>>> print(open('input20.txt').read())   # compact mmCIF, C-alpha atoms
# COMPACT_ATOMS: atom_id res chain seq x y z
CA MET A 446 0.00 0.00 0.00
CA LEU A 447 1.38 3.37 -1.01
CA ALA A 448 0.74 5.50 2.07
CA LEU A 449 -0.70 3.33 4.83
CA THR A 450 1.61 1.33 7.09
CA GLN A 451 0.49 -2.22 7.94
CA ASP A 452 -0.42 -1.01 11.44
CA VAL A 453 -2.70 1.69 9.99
CA LYS A 454 -4.29 -0.77 7.56
CA THR A 455 -4.97 -3.28 10.34
CA LEU A 456 -6.28 -0.47 12.54
CA ALA A 457 -8.60 0.81 9.83
CA LEU A 458 -9.96 -2.62 8.95
CA GLY A 459 -10.39 -3.64 12.56
CA ILE A 460 -11.88 -0.71 14.46
CA VAL A 461 -15.26 -0.83 12.79
CA PHE A 462 -17.00 -3.87 14.34
CA GLY A 463 -18.89 -5.10 17.54
CA CYS A 464 -22.29 -6.18 19.04
CA PHE A 465 -24.93 -5.99 21.82
CA GLY A 466 -28.55 -5.43 20.86
CA LEU A 467 -32.31 -5.94 20.96
CA PRO A 468 -33.57 -9.45 20.14
CA ALA A 469 -36.97 -8.29 18.80
CA LEU A 470 -35.48 -7.26 15.44
CA CYS A 471 -33.33 -10.38 15.06
CA ALA A 472 -36.22 -12.84 15.00
CA ASP A 473 -35.06 -15.93 16.90
CA ARG A 474 -31.36 -15.06 16.73
CA ASN A 475 -29.60 -13.67 19.78
CA PRO A 476 -27.74 -10.45 18.83
CA VAL A 477 -24.62 -11.39 20.81
CA ASP A 478 -24.56 -14.78 19.09
CA ILE A 479 -24.94 -13.03 15.73
CA VAL A 480 -21.88 -10.89 16.22
CA ARG A 481 -19.82 -13.69 17.72
CA GLN A 482 -20.58 -15.89 14.75
CA SER A 483 -19.82 -13.00 12.39
CA ILE A 484 -16.41 -12.65 14.05
CA ILE A 485 -15.73 -16.36 13.58
CA ASN A 486 -16.78 -16.02 9.93
CA TYR A 487 -14.58 -12.96 9.45
CA GLN A 488 -11.58 -14.83 10.82
CA LYS A 489 -12.34 -17.79 8.53
CA ASP A 490 -12.47 -15.47 5.53
CA TRP A 491 -9.24 -13.80 6.65
CA LEU A 492 -7.46 -17.18 6.50
CA ALA A 493 -9.25 -18.09 3.26
CA SER A 494 -7.81 -14.96 1.63
CA LEU A 495 -4.55 -16.91 1.49
CA ASP A 496 -6.22 -19.04 -1.19
CA TYR A 497 -6.68 -16.03 -3.48
CA THR A 498 -4.77 -13.56 -5.59
CA TYR A 499 -6.26 -10.09 -6.03
CA THR A 500 -5.53 -6.55 -7.14
CA GLU A 501 -5.18 -3.66 -4.68
CA ARG A 502 -5.64 -0.08 -5.90
CA ASP A 503 -4.51 2.61 -3.47
CA VAL A 504 -5.55 6.21 -4.20
CA THR A 505 -4.42 9.12 -2.03
CA LYS A 506 -6.16 12.46 -2.47
CA ASP A 507 -5.23 16.11 -2.17
CA SER A 508 -6.90 18.67 0.07
CA SER A 509 -9.74 19.14 -2.43
CA GLY A 510 -10.46 15.41 -2.62
CA ARG A 511 -8.99 14.91 -6.09
CA PRO A 512 -6.71 11.89 -6.73
CA LYS A 513 -3.10 12.78 -5.97
CA THR A 514 -1.28 9.47 -6.33
CA THR A 515 -2.44 6.03 -7.43
CA GLU A 516 -0.61 2.77 -6.92
CA VAL A 517 -1.82 -0.62 -8.18
CA SER A 518 -0.43 -3.83 -6.69
CA GLN A 519 -0.90 -7.53 -7.34
CA VAL A 520 -1.20 -9.52 -4.12
CA THR A 521 -0.13 -13.17 -4.06
CA VAL A 522 0.99 -15.60 -1.38
CA ILE A 523 4.58 -16.63 -0.73
CA ASP A 524 5.08 -19.46 1.74
CA GLY A 525 2.00 -18.78 3.81
CA THR A 526 1.72 -14.98 3.90
CA PRO A 527 0.72 -12.34 1.31
CA TYR A 528 3.18 -10.45 -0.85
CA SER A 529 2.20 -7.19 -2.56
CA ARG A 530 3.98 -6.33 -5.80
CA VAL A 531 3.47 -2.89 -7.40
CA ILE A 532 2.50 -3.14 -11.07
CA ALA A 533 1.43 0.41 -11.99
CA LYS A 534 1.60 3.98 -10.72
CA ASN A 535 -0.58 6.97 -11.54
CA GLY A 536 -2.37 5.18 -14.37
CA LYS A 537 0.81 4.08 -16.15
CA PRO A 538 2.89 0.89 -16.25
CA LEU A 539 6.07 0.97 -14.21
CA SER A 540 9.15 2.43 -15.82
CA ALA A 541 12.01 0.05 -16.58
CA GLU A 542 13.84 1.20 -13.44
CA GLU A 543 10.75 0.90 -11.24
CA ALA A 544 10.06 -2.59 -12.61
CA ARG A 545 13.67 -3.56 -11.91
CA ARG A 546 13.37 -2.41 -8.28
CA GLU A 547 10.12 -4.31 -7.80
CA ASP A 548 11.76 -7.42 -9.26
CA GLN A 549 14.67 -7.03 -6.85
CA LYS A 550 12.31 -6.71 -3.89
CA TYR A 551 10.41 -9.80 -4.99
CA LYS A 552 13.61 -11.84 -5.35
CA LYS A 553 14.72 -10.61 -1.93
CA ALA A 554 11.43 -11.76 -0.39
CA LEU A 555 11.84 -15.18 -2.02
CA GLY A 556 15.39 -15.42 -0.68
CA GLU A 557 14.30 -14.51 2.82
CA ARG A 558 11.63 -17.20 2.74
CA ASP A 559 14.14 -19.76 1.40
CA ASN A 560 16.58 -19.00 4.21
CA GLU A 561 14.04 -19.19 7.03
CA THR A 562 14.30 -21.91 9.61
CA PRO A 563 11.10 -23.93 10.17
CA GLU A 564 10.68 -22.08 13.47
CA GLU A 565 11.03 -18.66 11.80
CA ARG A 566 8.53 -19.57 9.11
CA ALA A 567 6.04 -20.89 11.67
CA HIS A 568 6.41 -17.64 13.67
CA ARG A 569 5.86 -15.47 10.57
CA VAL A 570 2.78 -17.38 9.45
CA GLN A 571 1.29 -17.52 12.94
CA LYS A 572 1.86 -13.80 13.45
CA TYR A 573 -0.10 -13.08 10.28
CA ARG A 574 -2.90 -15.46 11.21
CA ASN A 575 -3.22 -13.93 14.68
CA GLN A 576 -3.70 -10.33 13.47
CA TRP A 577 -7.48 -10.41 13.93
CA LYS A 578 -7.70 -12.24 17.25
CA PHE A 579 -8.42 -8.92 18.95
CA LEU A 580 -11.85 -8.92 17.28
CA SER A 581 -12.94 -11.49 19.86
CA GLU A 582 -12.97 -8.64 22.39
CA ILE A 583 -15.76 -6.84 20.54
CA PRO A 584 -18.81 -8.20 22.44
CA ALA A 585 -17.25 -6.98 25.69
CA ALA A 586 -16.02 -3.67 24.25
CA PHE A 587 -19.29 -2.21 22.91
CA ASN A 588 -22.90 -1.54 23.73
CA ILE A 589 -24.80 -1.81 20.49
CA LYS A 590 -28.28 -0.70 19.62
CA LEU A 591 -29.96 -2.73 16.89
CA LEU A 592 -31.44 -0.05 14.61
CA GLY A 593 -33.35 -2.31 12.25
CA ASN A 594 -32.87 -3.92 8.87
CA GLU A 595 -31.63 -2.61 5.53
CA THR A 596 -31.19 -4.14 2.08
CA ILE A 597 -27.78 -3.82 0.43
CA ALA A 598 -27.22 -5.20 -3.09
CA GLY A 599 -30.47 -7.10 -2.80
CA ARG A 600 -29.53 -8.82 0.46
CA PRO A 601 -31.11 -8.10 3.89
CA ASN A 602 -28.80 -6.84 6.64
CA TYR A 603 -29.04 -6.20 10.36
CA VAL A 604 -27.97 -2.63 11.21
CA PHE A 605 -26.27 -1.90 14.53
CA ASP A 606 -25.14 1.29 16.27
CA LEU A 607 -21.95 0.77 18.31
CA THR A 608 -20.90 2.81 21.35
CA PRO A 609 -17.97 2.04 23.67
CA ARG A 610 -18.89 0.13 26.81
CA GLU A 611 -18.01 2.00 30.00
CA GLY A 612 -15.52 0.15 32.16
CA TYR A 613 -14.20 -2.03 29.33
CA THR A 614 -10.54 -3.01 29.87
CA PRO A 615 -8.66 -3.88 26.65
CA THR A 616 -6.49 -6.99 26.68
CA THR A 617 -4.79 -6.75 23.26
CA LYS A 618 -2.77 -4.20 21.27
CA TYR A 619 -5.56 -3.24 18.88
CA GLY A 620 -8.29 -3.74 21.47
CA ARG A 621 -7.05 -0.50 23.00
CA ILE A 622 -8.67 1.44 20.13
CA PHE A 623 -12.23 0.36 20.95
CA PRO A 624 -12.95 2.96 23.69
CA SER A 625 -12.05 5.68 21.15
CA VAL A 626 -14.46 4.84 18.34
CA HIS A 627 -18.17 4.94 17.56
CA GLY A 628 -19.53 2.96 14.66
CA LYS A 629 -22.35 1.63 12.56
CA LEU A 630 -22.30 -1.95 11.33
CA TRP A 631 -24.26 -3.88 8.69
CA ILE A 632 -24.28 -7.71 9.00
CA ASP A 633 -25.65 -9.86 6.17
CA GLU A 634 -28.60 -11.77 7.65
CA GLU A 635 -28.04 -14.97 5.68
CA ASP A 636 -24.25 -15.33 5.70
CA LEU A 637 -23.60 -13.40 8.94
CA ARG A 638 -20.77 -11.48 7.29
CA TRP A 639 -19.95 -7.79 7.56
CA THR A 640 -21.30 -5.99 4.50
CA ARG A 641 -20.42 -2.44 5.51
CA ALA A 642 -19.05 -0.64 8.53
CA GLU A 643 -18.63 3.04 9.34
CA CYS A 644 -16.42 4.24 12.15
CA ASP A 645 -15.97 7.69 13.67
CA VAL A 646 -12.96 8.37 15.88
CA ILE A 647 -14.33 10.11 18.99
CA ASP A 648 -11.02 10.35 20.87
CA THR A 649 -7.42 10.47 19.67
CA ILE A 650 -5.94 7.02 18.99
CA SER A 651 -2.24 6.38 19.61
CA MET A 652 -0.74 3.40 17.85
CA GLY A 653 2.42 1.64 16.78
CA TRP A 654 6.10 1.99 17.47
CA ILE A 655 6.21 5.04 15.16
CA LEU A 656 4.06 6.87 17.71
CA ALA A 657 1.37 7.80 15.21
CA ARG A 658 -1.86 9.38 16.41
CA VAL A 659 -5.14 9.37 14.51
CA GLY A 660 -7.08 12.46 15.47
CA GLU A 661 -10.64 12.88 16.72
CA GLY A 662 -13.08 13.29 13.86
CA ALA A 663 -11.42 10.82 11.49
CA LYS A 664 -13.86 8.58 9.62
CA ILE A 665 -13.25 5.08 8.31
CA THR A 666 -15.58 3.08 6.08
CA ILE A 667 -15.13 -0.47 4.85
CA GLN A 668 -17.25 -2.45 2.42
CA GLN A 669 -17.08 -6.19 1.81
CA VAL A 670 -18.36 -8.34 -1.04
CA ARG A 671 -19.27 -11.98 -1.52
CA VAL A 672 -16.60 -13.34 -3.89
CA ASP A 673 -17.94 -16.89 -4.16
CA GLY A 674 -20.39 -19.14 -2.38
CA ASP A 675 -18.15 -19.49 0.66
CA HIS A 676 -16.30 -16.27 1.49
CA TRP A 677 -16.58 -12.50 1.77
CA MET A 678 -13.57 -10.27 1.05
CA PRO A 679 -12.83 -6.54 1.34
CA LYS A 680 -14.11 -4.42 -1.53
CA GLU A 681 -13.20 -0.88 -0.48
CA LEU A 682 -11.58 0.92 2.44
CA ASP A 683 -11.93 4.69 2.85
CA ILE A 684 -10.03 6.75 5.40
CA ASN A 685 -10.53 10.46 5.96
CA GLY A 686 -9.15 12.57 8.79
CA SER A 687 -5.85 13.67 10.27
CA ALA A 688 -2.87 11.98 11.89
CA LYS A 689 0.31 13.02 13.60
CA ILE A 690 3.40 10.96 12.77
CA LEU A 691 6.18 10.71 15.38
CA LEU A 692 4.01 13.11 17.37
CA VAL A 693 5.48 15.94 15.26
CA LYS A 694 4.40 15.81 11.61
CA ASN A 695 0.73 16.47 10.93
CA ARG A 696 -0.72 14.65 7.97
CA ASN A 697 -4.14 14.59 6.33
CA LEU A 698 -5.55 11.13 5.73
CA ASP A 699 -7.68 10.94 2.59
CA GLU A 700 -7.22 7.58 0.99
CA THR A 701 -9.28 4.93 -0.77
CA VAL A 702 -8.09 1.35 -1.19
CA SER A 703 -10.11 -0.92 -3.47
CA TYR A 704 -9.74 -4.69 -3.84
CA THR A 705 -10.74 -6.43 -7.08
CA ASP A 706 -10.13 -9.44 -9.33
CA TYR A 707 -10.21 -12.09 -6.61
CA LYS A 708 -9.07 -15.40 -8.09
CA ARG A 709 -8.90 -18.63 -6.12
CA VAL A 710 -5.53 -20.31 -6.60
CA ARG A 711 -5.77 -22.99 -3.92
CA SER A 712 -8.53 -25.18 -2.59
CA SER A 713 -7.55 -24.81 1.06
CA THR A 714 -5.38 -22.73 3.41
CA ALA A 715 -3.02 -25.63 4.08
CA PRO A 716 0.67 -24.50 4.11
CA THR A 717 2.14 -24.37 0.64
CA ASN A 718 5.11 -23.03 -1.28
CA ALA A 719 3.28 -20.62 -3.56
CA LYS A 720 6.19 -18.79 -5.12
CA ASN A 721 4.89 -19.21 -8.65
CA GLN A 722 1.31 -18.02 -7.99
>>> encode(input="input20.txt", output="structure tokens")
Amino acid sequence: MLALTQDVKTLALGIVFGCFGLPALCADRNPVDIVRQSIINYQKDWLASLDYTYTERDVTKDSSGRPKTTEVSQVTVIDGTPYSRVIAKNGKPLSAEEARREDQKYKKALGERDNETPEERAHRVQKYRNQWKFLSEIPAAFNIKLLGNETIAGRPNYVFDLTPREGYTPTTKYGRIFPSVHGKLWIDEEDLRWTRAECDVIDTISMGWILARVGEGAKITIQQVRVDGDHWMPKELDINGSAKILLVKNRNLDETVSYTDYKRVRSSTAPTNAKNQ
């Protein structure tokens, strides 16, 4: 991704979910059970994404909202974790020099994987797979009002309003962001997957070793799409607001990341050497 660090991407994708609600609008389904199952399903889809290649298009915008920079990457899997390779910038193919640098980075990544010990590889893969474990804290982190039902792309969704639960004590790195956000969440009624989520930062969020802070008033929206009969994957991530990097440099956040062209390349998430995918 051109401008977002992995910490910011994980933050943005993760701070938009939770559940506690009113059973009358959920028929015979308990709202807490709905969100817990949706978390399990999200984590399953997260692992299943290792069976796919896809294209990531990252657009940063200027102060007027017009596209400033665009970077397109092809995401594949190398030995159990994704690898993102830039294939175009600002609507044009890479120059010969840019392509050479991307090829060097790819060969370096392959070499690093080849030289890993089994223990190092297991640690790398497990670290990736554990990124979303903090979502399990959601039912304890939020009070959620079930607003009703809404149809999105022809499919019925539950709609929830999320507010931080007073007295909640985070137990994970990213769980610490939950008291600082307010959100709205759409859950597909049939598949119990997140269709859309909107998040407003209501208190400054500090994150990461780079000491970045996302300011109050920032807004994050994520949309997901059903890519086959089994899984839902991210479709678009929008971030708008302000951040302070190293607690010194102020930076506007106005970025849209879209995900397209999902293609299944494996039938399961079993470990594999996927260097030629």
>>> atom_distance(input="input20.txt", atom1="atom CA of A:Ile684", atom2="atom CA of A:Val659")
10.7 Å
>>> residues_around(input="input20.txt", residues="A:Trp677", least_positions_apart="5", cutoff="12 Å", atoms="all atoms listed in the file", output="list of chain:residue names")
A:Ser483, A:Asn486, A:Tyr487, A:Gln488, A:Lys489, A:Asp490, A:Trp491, A:Leu492, A:Ala493, A:Ser494, A:Tyr497, A:Ile632, A:Asp633, A:Asp636, A:Leu637, A:Arg638, A:Trp639, A:Thr640, A:Arg641, A:Gln668, A:Gln669, A:Val670, A:Arg671, A:Val672, A:Tyr704, A:Tyr707
>>> residues_near_point(input="input20.txt", point="(1.1, -8.1, -6.6)", cutoff="8 Å", atoms="only C-alpha atoms", output="short mmCIF file (atom, residue, chain, number, x, y, z; two decimals) with C-alpha atoms, keeping the file's coordinate frame")
data_model
loop_
_atom_site.label_atom_id
_atom_site.label_comp_id
_atom_site.auth_asym_id
_atom_site.auth_seq_id
_atom_site.Cartn_x
_atom_site.Cartn_y
_atom_site.Cartn_z
CA TYR A 499 -6.26 -10.09 -6.03
CA THR A 500 -5.53 -6.55 -7.14
CA GLU A 501 -5.18 -3.66 -4.68
CA SER A 518 -0.43 -3.83 -6.69
CA GLN A 519 -0.90 -7.53 -7.34
CA VAL A 520 -1.20 -9.52 -4.12
CA THR A 521 -0.13 -13.17 -4.06
CA TYR A 528 3.18 -10.45 -0.85
CA SER A 529 2.20 -7.19 -2.56
CA ARG A 530 3.98 -6.33 -5.80
CA VAL A 531 3.47 -2.89 -7.40
CA ILE A 532 2.50 -3.14 -11.07
#
>>> atom_distance(input="input20.txt", atom1="atom CA of A:Glu565", atom2="atom CA of A:Arg709")
26.8 Å
>>> atom_distance(input="input20.txt", atom1="atom CA of A:Ser581", atom2="atom CA of A:Lys708")
28.5 Å
>>> closest_residue(input="input20.txt", among="A:Val646, A:Ile485, A:Ile665, A:Val702", to="A:Pro609", atoms="only C-alpha atoms")
A:Val646
>>> closest_residue(input="input20.txt", among="A:Gln549, A:Asn560, A:Thr526, A:Ser509", to="A:Lys572", atoms="only C-alpha atoms")
A:Thr526
>>> residues_near_point(input="input20.txt", point="(-9.2, -13.0, 18.7)", cutoff="9 Å", atoms="only C-alpha atoms", output="list of chain:residue names")
A:Ile484, A:Ile485, A:Gln488, A:Asn575, A:Gln576, A:Trp577, A:Lys578, A:Phe579, A:Leu580, A:Ser581, A:Glu582, A:Thr617
>>> closest_residue(input="input20.txt", among="A:Met678, A:Tyr573, A:Arg481, A:Ser687", to="A:Thr705", atoms="all atoms listed in the file")
A:Met678
>>> decode(input="input20.txt", residues="stretch 629-641 of chain A", atoms="N, CA and C atoms", output="compact mmCIF listing (two decimals), in the first residue's frame")
# COMPACT_ATOMS: atom_id res chain seq x y z
N LYS A 629 -21.10 2.17 13.07
CA LYS A 629 -22.35 1.63 12.56
C LYS A 629 -22.00 0.42 11.70
N LEU A 630 -22.69 -0.68 11.93
CA LEU A 630 -22.30 -1.95 11.33
C LEU A 630 -23.49 -2.62 10.66
N TRP A 631 -23.26 -3.11 9.43
CA TRP A 631 -24.26 -3.88 8.69
C TRP A 631 -23.78 -5.34 8.61
N ILE A 632 -24.62 -6.29 9.05
CA ILE A 632 -24.28 -7.71 9.00
C ILE A 632 -25.29 -8.42 8.10
N ASP A 633 -24.79 -9.10 7.08
CA ASP A 633 -25.65 -9.86 6.17
C ASP A 633 -26.43 -10.91 6.95
N GLU A 634 -27.76 -10.91 6.83
CA GLU A 634 -28.60 -11.77 7.65
C GLU A 634 -28.42 -13.25 7.32
N GLU A 635 -28.17 -13.57 6.07
CA GLU A 635 -28.04 -14.97 5.68
C GLU A 635 -26.65 -15.53 5.98
N ASP A 636 -25.61 -14.83 5.55
CA ASP A 636 -24.25 -15.33 5.70
C ASP A 636 -23.58 -14.91 7.00
N LEU A 637 -24.20 -13.95 7.71
CA LEU A 637 -23.60 -13.40 8.94
C LEU A 637 -22.17 -12.92 8.68
N ARG A 638 -22.03 -12.13 7.62
CA ARG A 638 -20.77 -11.48 7.29
C ARG A 638 -20.98 -9.97 7.35
N TRP A 639 -19.88 -9.24 7.57
CA TRP A 639 -19.95 -7.79 7.56
C TRP A 639 -20.04 -7.29 6.13
N THR A 640 -21.11 -6.58 5.82
CA THR A 640 -21.30 -5.99 4.50
C THR A 640 -20.68 -4.59 4.43
N ARG A 641 -20.90 -3.82 5.47
CA ARG A 641 -20.42 -2.44 5.51
C ARG A 641 -20.23 -2.04 6.96
